[in-house]
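Presented below is the structure to which this report refers.
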Amino acid sequence: MSAIAELEGRLRAEPGRADELLRAFVSTHDLPLRDGRNATFLFWDGMPAEQVFLVHWIFGLESRQPLQRLADSKAFVLRLDLPEGARVEYKFEVLRGGQAQWLRDPINQRQAFDPFGSNSVCPMPGYHEPHWVKRDPTARRGRLESFVLRSDVYGDERPIVVYLPYEYRPGKRYPLLICHDGSDYRRYASFLAILDNLIHWHEVKPLIVAFTDGVERNREYGADPRQPEFLVDEVLPALQARHKISQDREERGLMGASFGGVASLWTAWNRPEAFGRLLLQSGSFVFTDVGGHGRGPLWDPVVSFVNQYRVDPGRIGARVYMSCGRFESLIAYNRGLVPLMRRGGLELRFTESDDGHNWICWRDRLREGLTWLFPGYLWMVYD
Amino acid sequence: MPGRIVLLGPQHPEPNLPAMLDRAGVRGPLAVVSAGWRYDEGHLGPLAAAVKRPLVHLPLYRWFDDLSQHEPGLAEEWHRRQQRIAALKRAYQIELRGVAHVLEELESRAIHDKGIQAEEIAYARAAVRTLDKRVLQRLDEVRAAFPRSLRPWELPEVAALHDKARAWLADCEGMLVAGGHVAILLNRMVFFGLDDLSRELLERGGLVAAWSGGAMVCSERIVLFYDDPPEGSGDPEILDRGLGLFRGLALFPHAGRRLRLEDADRVHRLATRLHPARCLTLDNGACVEVHATADGCELVDLGTPGSARELGTDGSVTALPAAGGAR
């Protein structure tokens with residue numbers, strides 16, 4: 001008998017002890033319950049509710065699914081079939097007095113953060129947080145510098161934050177990676193600890209990373225003609241004026257997630273001479289074969305670009321790392337680009353993960369991406 | 001040899017080279033080989049500050065670069081030789097992937113499938129060992145095909161630098177060999193005849209203290225290893241013969257991070273593959289004095305307890321006994 005069935009039986013047998021039984025249950029079980037491919041979500045916060053829904057971001061499943069009340073108690077349950085190794089972010093939508101409220105799971109303390117707040121996390125059996133996302137206390141730390149760039153292209157001033165590897169010396173030439181949504185990558189994807197670790201372990205060669213952020217982010221990143229100009233004609237020269245940056249485009253890269261992926265590919269497409277390495281995570285590479293895209297006007301330039309890109313994918317002539325979660329609607333578009341990119345002669349590595357459109361999914365792929373694009377001498381160096 | 005050979009672990013985060021030199025009563029000057037740092041080989045500031053003894057840098061990396069520019073013929077021949085070696089290594093890696101996978105699969109299946117006989121596993125293990133042995137023979141054959149590069153320090157264009165290194169070493173109480181890129185370090189040391197010069201130093205009672213990749217290069221056979229690489233299976237590879245300043249010892253610096261020491265099957269496979277060489281890990285704090293014996297070497301552990309460990313063919317990982325209990 002499953003733990004939930006057993007709990008339900010006891011709740012029916014002793015309805016007067018429901019709160020006590022539930023309290024005991026949640027304090028002795030790791031929730032959501034996970035067994036093989038089954039995940040059982042249980043909502044209980046001791047207060048009555050009319051109805052509870054599970055809200056998640058798994059493309060392919062109903063994104064708002066009702067939980068069933070458990071034996072007339074204040075608890076609700078829902079069982080989902082999820083792949084082994086999957087990682088799901090979720091919230092509960094709780095209806096009380098006709099008002100709906102989104103809550104994190106009050107019992108499950110696992111959380112993931114993003115610019116909108118935080119979600120509860122359900123890691124399925126087989127998912128393990130990668131060891132390399134935790135700072136190695138012996139790893140030598142790089143340092144951050146920042147400067148404000150006066151942009152004629154955008155007509156404003158923009159802060160640029162620059163990561164310099166621990167061994168940085170002004171006279172030495174370094175590879176460069178420009179990162180879109182740089183603040184979020186640092187804050188939500190442990191990017192600095194990962195850079196320090198991978199460089200210290202010689203998995204990635206020492207490189208400079210420039211973190212940029214958009215102002216009107218979705219517009220600027222959505223195949224805006226100003227973005228390639230901004231990066232190539234303003235950011236790159238400003239970095240070159242401060243540091244010795246590799247002259248070799250194969251040691252210069254762009255990266256980004258979602259619309260940041262579009263901005264990266266779009267820039268490489270427009271200025272292929274400048275960048276030869278791309279790290280594209282859950283790129284919003286929506287395209288159409290016929291008809292409209294149905295996603296609103298913000299996407300018009302994106303879809304137009306991706307349609308154009310599909311005609312000549314080799315034009316960027318880059319080594320590319322691309323990843324996407326299987327729980328995203330974007331997976332089909334990313335998959336759709338893979339054979340085209342390969343036929344276009346690009347050195348492409350593509351990874352799918354059982355995760356969604358979120359920062360942990362992007363964090364968990366950074367080692368693969370960075371080591372593919374900027375491999376260090378890990379087999380040879382023992383310092 | 002009357003001199004002393006001391007092997008150390010990585011010098012980060014806590015360097016133990018200065019304490020070792022203090023304990024050994026070494027005053028210097030000390031020669032430094034840091035070609036493994038490549039273009040950074042001249043950045044001796046932190047080392048000099050830690051060691052607090054006069055240092056004499058042997059800038060082998062720079063010397064080689066300078067020679068490459070001024071002696072294009074020699075450089076070109078050396079380059080062709082290295083290309084042949086690289087091609088040979090690519091083939092070795094492909095072959096190794098196959099035979100190592102067979103051995104691993106047989107060993108893991110044998111746990112449940114009693115029909116897999118020990119003879120089959122022994123055969124697969126022998127295939128890996130044969131491949132390791134063969135790659136060294138083939139490397140010798142490739143080198144023999146480039147006679148001018150066999151003993152480059154005897155060529156007129158290199159001899160002056162070799163003589164300079166010998167003269168500088170003659171004034172030193174010992175030589176420090178820093179870690180770094182082991183292939184480049186080995187390559188540059190062999191090119192300038194530092195293997196023979198190291199022996200000369202030891203013969204006259206000098207000290208060779210080598211850490212991390214530097215220790216690997218001083219050994220008889222260099223094994224590259226990384227159990228959890230971002231790509232590939234992580235099967236250890238033979239790089240080349242080392243300087244051979246001592247025998248019967250394979251070295252694994254940074255083993256705590258680079259090897260899955262908790263995986264007894266993997267440890268067993270590695271130690272069995274390299275047997276009869278002893279497999280010694282060198283983590284931060286390790287300090288091991290090596291004494292040559294008729295059939296190998298004797299080890300005296302002078303470092304932090306547990307920082308130098310021996311990998312057993314039974315999959316065990318055992319800290320070296322403290323000084324006095326050496327084999």
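The way I read the labels, and the way they are meant: chains A, B, ... in the order of the structure tokens, residue 1 as the first residue of every chain, and ligand 1 as the first ligand shown, with later ones counted on from there.
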query: Once you count only C-alpha atoms, which residues of chain B turn out to be within 7 Å of chain A? Could you give them as a PyMOL selection string?
result: chain B and resi 10+13+179-183+212-213+224-226+230+253
For the selection you just gave me, I'd like the residues written to a file as an mmCIF file, in the first residue's frame, keeping N, CA and C atoms.
data_model
loop_
_atom_site.group_PDB
_atom_site.id
_atom_site.type_symbol
_atom_site.label_atom_id
_atom_site.label_comp_id
_atom_site.auth_asym_id
_atom_site.auth_seq_id
_atom_site.Cartn_x
_atom_site.Cartn_y
_atom_site.Cartn_z
ATOM 1 N N PRO B 10 50.627 19.311 -4.727
ATOM 2 C CA PRO B 10 50.400 20.675 -5.217
ATOM 3 C C PRO B 10 50.751 21.703 -4.141
ATOM 4 N N PRO B 13 46.414 24.905 -1.764
ATOM 5 C CA PRO B 13 46.460 26.250 -1.187
ATOM 6 C C PRO B 13 47.591 26.460 -0.172
ATOM 7 N N GLY B 179 55.283 22.043 -11.172
ATOM 8 C CA GLY B 179 54.281 21.326 -11.969
ATOM 9 C C GLY B 179 53.825 22.159 -13.141
ATOM 10 N N GLY B 180 52.645 21.832 -13.646
ATOM 11 C CA GLY B 180 52.115 22.545 -14.808
ATOM 12 C C GLY B 180 51.799 21.567 -15.917
ATOM 13 N N HIS B 181 52.042 21.998 -17.145
ATOM 14 C CA HIS B 181 51.740 21.178 -18.325
ATOM 15 C C HIS B 181 52.826 20.117 -18.459
ATOM 16 N N VAL B 182 52.462 18.869 -18.187
ATOM 17 C CA VAL B 182 53.504 17.842 -18.078
ATOM 18 C C VAL B 182 54.146 17.516 -19.420
ATOM 19 N N ALA B 183 53.389 17.562 -20.500
ATOM 20 C CA ALA B 183 53.981 17.231 -21.797
ATOM 21 C C ALA B 183 55.023 18.276 -22.180
ATOM 22 N N SER B 212 53.892 18.026 -7.866
ATOM 23 C CA SER B 212 52.748 17.827 -8.752
ATOM 24 C C SER B 212 53.217 17.316 -10.125
ATOM 25 N N GLY B 213 52.902 18.040 -11.215
ATOM 26 C CA GLY B 213 53.327 17.576 -12.530
ATOM 27 C C GLY B 213 54.840 17.435 -12.633
ATOM 28 N N LEU B 224 48.520 10.048 -17.421
ATOM 29 C CA LEU B 224 47.558 11.158 -17.374
ATOM 30 C C LEU B 224 46.236 10.617 -16.851
ATOM 31 N N PHE B 225 45.559 11.388 -16.041
ATOM 32 C CA PHE B 225 44.343 10.849 -15.418
ATOM 33 C C PHE B 225 43.369 11.966 -15.070
ATOM 34 N N TYR B 226 42.092 11.637 -15.156
ATOM 35 C CA TYR B 226 41.014 12.553 -14.770
ATOM 36 C C TYR B 226 39.741 11.717 -14.829
ATOM 37 N N PRO B 230 34.659 16.335 -18.382
ATOM 38 C CA PRO B 230 33.388 16.773 -18.951
ATOM 39 C C PRO B 230 32.976 15.914 -20.143
ATOM 40 N N PRO B 253 49.194 13.353 -8.585
ATOM 41 C CA PRO B 253 48.899 14.567 -7.818
ATOM 42 C C PRO B 253 47.431 14.976 -7.981
#
task: Using only C-alpha atoms, determine which residues lie at most 9 Å from Val208 (chain B), disregarding the query and same-chain residues fewer than 3 positions distant; provide the list as a list of chain:residue names.
output: B:Gly3, B:Arg4, B:Ile5, B:Val6, B:Leu7, B:Gly174, B:Met175, B:Leu176, B:Val177, B:Ser198, B:Leu201, B:Leu202
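Distances to Asn108 (chain A) were evaluated for A:Val26, A:Ile178, A:Leu149, A:Leu265 using only C-alpha atoms, and the minimum falls at A:Val26.
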Residues within 7 Å of Phe246 (chain B), please, as a JSON list (two decimals) with C-alpha atoms, in the first residue's frame. Count only C-alpha atoms; anything in the same chain fewer than 5 positions from it doesn't count.
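After the write, selection.json holds the following:
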[["chain", "number", "residue", "atom", "x", "y", "z"],
["B", 219, "SER", "CA", 59.13, 9.41, -12.71],
["B", 220, "GLU", "CA", 59.71, 6.48, -15.02],
["B", 292, "ALA", "CA", 66.20, 4.03, -5.03],
["B", 297, "CYS", "CA", 62.20, 2.55, -4.53]]
Give me the residues within 12 Å of Lys244 (chain A) as a PDB file with N, CA and C atoms, in the first residue's frame, counting only C-alpha atoms and dropping any in the same chain fewer than 3 places off.
ATOM      1  N   LEU A 164      37.583  38.659 -14.357  1.00  0.00           N
ATOM      2  CA  LEU A 164      38.980  38.404 -14.726  1.00  0.00           C
ATOM      3  C   LEU A 164      39.434  37.160 -13.984  1.00  0.00           C
ATOM      4  N   TYR A 168      44.903  36.464 -13.948  1.00  0.00           N
ATOM      5  CA  TYR A 168      44.897  37.592 -14.889  1.00  0.00           C
ATOM      6  C   TYR A 168      46.139  38.468 -14.756  1.00  0.00           C
ATOM      7  N   ARG A 169      46.733  38.734 -15.908  1.00  0.00           N
ATOM      8  CA  ARG A 169      47.830  39.708 -15.953  1.00  0.00           C
ATOM      9  C   ARG A 169      47.564  40.652 -17.111  1.00  0.00           C
ATOM     10  N   PRO A 170      47.760  41.942 -16.889  1.00  0.00           N
ATOM     11  CA  PRO A 170      47.383  42.927 -17.909  1.00  0.00           C
ATOM     12  C   PRO A 170      48.050  42.691 -19.265  1.00  0.00           C
ATOM     13  N   GLY A 171      49.274  42.193 -19.278  1.00  0.00           N
ATOM     14  CA  GLY A 171      49.982  42.054 -20.549  1.00  0.00           C
ATOM     15  C   GLY A 171      49.603  40.812 -21.328  1.00  0.00           C
ATOM     16  N   LYS A 172      48.801  39.964 -20.744  1.00  0.00           N
ATOM     17  CA  LYS A 172      48.528  38.672 -21.367  1.00  0.00           C
ATOM     18  C   LYS A 172      47.204  38.708 -22.118  1.00  0.00           C
ATOM     19  N   ARG A 173      47.163  38.024 -23.253  1.00  0.00           N
ATOM     20  CA  ARG A 173      45.947  38.026 -24.078  1.00  0.00           C
ATOM     21  C   ARG A 173      45.012  36.897 -23.636  1.00  0.00           C
ATOM     22  N   TYR A 174      43.736  37.198 -23.532  1.00  0.00           N
ATOM     23  CA  TYR A 174      42.765  36.208 -23.043  1.00  0.00           C
ATOM     24  C   TYR A 174      41.604  36.027 -24.007  1.00  0.00           C
ATOM     25  N   PRO A 175      41.028  34.823 -24.001  1.00  0.00           N
ATOM     26  CA  PRO A 175      39.752  34.634 -24.707  1.00  0.00           C
ATOM     27  C   PRO A 175      38.667  35.452 -24.018  1.00  0.00           C
ATOM     28  N   LEU A 176      37.605  35.703 -24.757  1.00  0.00           N
ATOM     29  CA  LEU A 176      36.513  36.540 -24.233  1.00  0.00           C
ATOM     30  C   LEU A 176      35.170  35.860 -24.466  1.00  0.00           C
ATOM     31  N   LEU A 207      39.726  32.730 -18.999  1.00  0.00           N
ATOM     32  CA  LEU A 207      39.109  33.638 -19.966  1.00  0.00           C
ATOM     33  C   LEU A 207      38.482  34.815 -19.239  1.00  0.00           C
ATOM     34  N   ILE A 208      38.230  35.865 -20.023  1.00  0.00           N
ATOM     35  CA  ILE A 208      37.536  37.046 -19.508  1.00  0.00           C
ATOM     36  C   ILE A 208      36.059  36.900 -19.880  1.00  0.00           C
ATOM     37  N   LEU A 236      32.880  45.491 -27.424  1.00  0.00           N
ATOM     38  CA  LEU A 236      34.166  44.849 -27.740  1.00  0.00           C
ATOM     39  C   LEU A 236      35.326  45.847 -27.717  1.00  0.00           C
ATOM     40  N   PRO A 237      35.221  47.003 -28.399  1.00  0.00           N
ATOM     41  CA  PRO A 237      36.339  47.974 -28.333  1.00  0.00           C
ATOM     42  C   PRO A 237      36.594  48.470 -26.900  1.00  0.00           C
ATOM     43  N   ALA A 238      35.516  48.647 -26.141  1.00  0.00           N
ATOM     44  CA  ALA A 238      35.713  49.112 -24.754  1.00  0.00           C
ATOM     45  C   ALA A 238      36.480  48.065 -23.941  1.00  0.00           C
ATOM     46  N   LEU A 239      36.188  46.804 -24.188  1.00  0.00           N
ATOM     47  CA  LEU A 239      36.912  45.739 -23.473  1.00  0.00           C
ATOM     48  C   LEU A 239      38.350  45.667 -23.957  1.00  0.00           C
ATOM     49  N   GLN A 240      38.530  45.834 -25.278  1.00  0.00           N
ATOM     50  CA  GLN A 240      39.885  45.781 -25.842  1.00  0.00           C
ATOM     51  C   GLN A 240      40.738  46.935 -25.338  1.00  0.00           C
ATOM     52  N   ALA A 241      40.093  48.041 -25.040  1.00  0.00           N
ATOM     53  CA  ALA A 241      40.850  49.183 -24.521  1.00  0.00           C
ATOM     54  C   ALA A 241      41.328  48.935 -23.094  1.00  0.00           C
ATOM     55  N   GLN A 247      42.618  38.128 -30.521  1.00  0.00           N
ATOM     56  CA  GLN A 247      42.231  38.653 -31.845  1.00  0.00           C
ATOM     57  C   GLN A 247      41.513  37.583 -32.659  1.00  0.00           C
ATOM     58  N   ASP A 248      41.611  36.364 -32.159  1.00  0.00           N
ATOM     59  CA  ASP A 248      41.097  35.213 -32.892  1.00  0.00           C
ATOM     60  C   ASP A 248      39.608  35.037 -32.581  1.00  0.00           C
TER      61      ASP A 248
END
message: Taking only region 235-345 of chain A into account, list the residues labelled alpha helix (DSSP H) by DSSP (computed from the backbone), as a ChimeraX atom specification.
response: /A:236-242,259-270,300-311,331-343
Please, could you write that set of residues out with C-alpha atoms as a short mmCIF file (atom, residue, chain, number, x, y, z; two decimals), in the first residue's frame?
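Contents of again.cif, as written:
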data_model
loop_
_atom_site.label_atom_id
_atom_site.label_comp_id
_atom_site.auth_asym_id
_atom_site.auth_seq_id
_atom_site.Cartn_x
_atom_site.Cartn_y
_atom_site.Cartn_z
CA LEU A 236 34.17 44.85 -27.74
CA PRO A 237 36.34 47.97 -28.33
CA ALA A 238 35.71 49.11 -24.75
CA LEU A 239 36.91 45.74 -23.47
CA GLN A 240 39.89 45.78 -25.84
CA ALA A 241 40.85 49.18 -24.52
CA ARG A 242 40.98 47.80 -20.99
CA PHE A 259 15.95 35.80 -25.78
CA GLY A 260 19.62 36.12 -24.77
CA GLY A 261 20.23 33.11 -27.01
CA VAL A 262 18.51 34.92 -29.85
CA ALA A 263 20.64 38.02 -29.25
CA SER A 264 23.79 35.87 -29.38
CA LEU A 265 22.90 34.04 -32.57
CA TRP A 266 21.60 37.24 -34.16
CA THR A 267 24.84 39.07 -33.40
CA ALA A 268 26.95 36.23 -34.77
CA TRP A 269 24.74 36.16 -37.86
CA ASN A 270 25.16 39.87 -38.51
CA ASP A 300 7.96 39.17 -35.20
CA PRO A 301 11.63 40.11 -35.69
CA VAL A 302 12.74 36.93 -33.90
CA VAL A 303 10.68 34.65 -36.14
CA SER A 304 11.70 36.60 -39.20
CA PHE A 305 15.39 36.20 -38.26
CA VAL A 306 15.15 32.50 -37.43
CA ASN A 307 13.36 31.84 -40.71
CA GLN A 308 16.15 33.69 -42.48
CA TYR A 309 18.79 31.86 -40.45
CA ARG A 310 17.40 28.48 -41.44
CA VAL A 311 18.16 29.24 -45.08
CA ILE A 331 12.42 22.26 -27.41
CA ALA A 332 10.83 21.57 -30.79
CA TYR A 333 12.36 24.73 -32.30
CA ASN A 334 15.79 24.00 -30.86
CA ARG A 335 15.63 20.41 -32.10
CA GLY A 336 14.54 21.72 -35.45
CA LEU A 337 17.70 23.79 -35.82
CA VAL A 338 20.10 20.97 -34.96
CA PRO A 339 20.16 19.14 -38.33
CA LEU A 340 20.28 22.44 -40.17
CA MET A 341 23.24 23.65 -38.16
CA ARG A 342 25.06 20.36 -38.69
CA ARG A 343 24.38 20.46 -42.42
#
- request: Identify, on the basis of only C-alpha atoms, every residue whose closest approach to Glu145 (chain A) does not exceed 10 Å; exclude the query and any residue fewer than 3 positions from it along the same chain; express the result as a list in words.
  value: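 Counting only C-alpha atoms, the residues come to Ile160, Val161, Val162, Tyr163, Leu164 and Ala210 of chain A.
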task: Using only C-alpha atoms, pick whichever of B:His254, B:Phe64, B:Ala209, B:Asp263 has the shortest atom-to-atom distance to Asn16 (chain B).
output: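 Smallest separation from Asn16 (chain B) among the options: B:Ala209.
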Among region 158-236 of chain A, which residues carry a DSSP assignment of strand (DSSP E), reported as an mmCIF file with C-alpha atoms, in the first residue's frame?
data_model
loop_
_atom_site.group_PDB
_atom_site.id
_atom_site.type_symbol
_atom_site.label_atom_id
_atom_site.label_comp_id
_atom_site.auth_asym_id
_atom_site.auth_seq_id
_atom_site.Cartn_x
_atom_site.Cartn_y
_atom_site.Cartn_z
ATOM 1 C CA ARG A 158 25.210 50.819 -19.444
ATOM 2 C CA PRO A 159 27.211 49.068 -16.765
ATOM 3 C CA ILE A 160 29.490 46.278 -17.929
ATOM 4 C CA VAL A 161 30.773 43.851 -15.300
ATOM 5 C CA VAL A 162 33.962 42.022 -16.213
ATOM 6 C CA TYR A 163 35.197 38.756 -14.724
ATOM 7 C CA LEU A 164 38.980 38.404 -14.726
ATOM 8 C CA LEU A 176 36.513 36.540 -24.233
ATOM 9 C CA LEU A 177 32.941 35.520 -23.592
ATOM 10 C CA ILE A 178 30.165 38.122 -23.558
ATOM 11 C CA CYS A 179 27.193 37.038 -21.487
ATOM 12 C CA ILE A 208 37.536 37.046 -19.508
ATOM 13 C CA VAL A 209 33.763 37.144 -19.218
ATOM 14 C CA ALA A 210 31.883 40.398 -19.801
ATOM 15 C CA PHE A 211 28.414 40.494 -18.281
#
field: Spatial neighbours of Ile222 (chain B), 9 Å, only C-alpha atoms, chain gap at least 5 places, as a list in words
entry: Val182, Met216, Val217, Glu237, Ile238, Leu239, Asp240, Arg241, Gly242, Ala250 and Leu251 of chain B
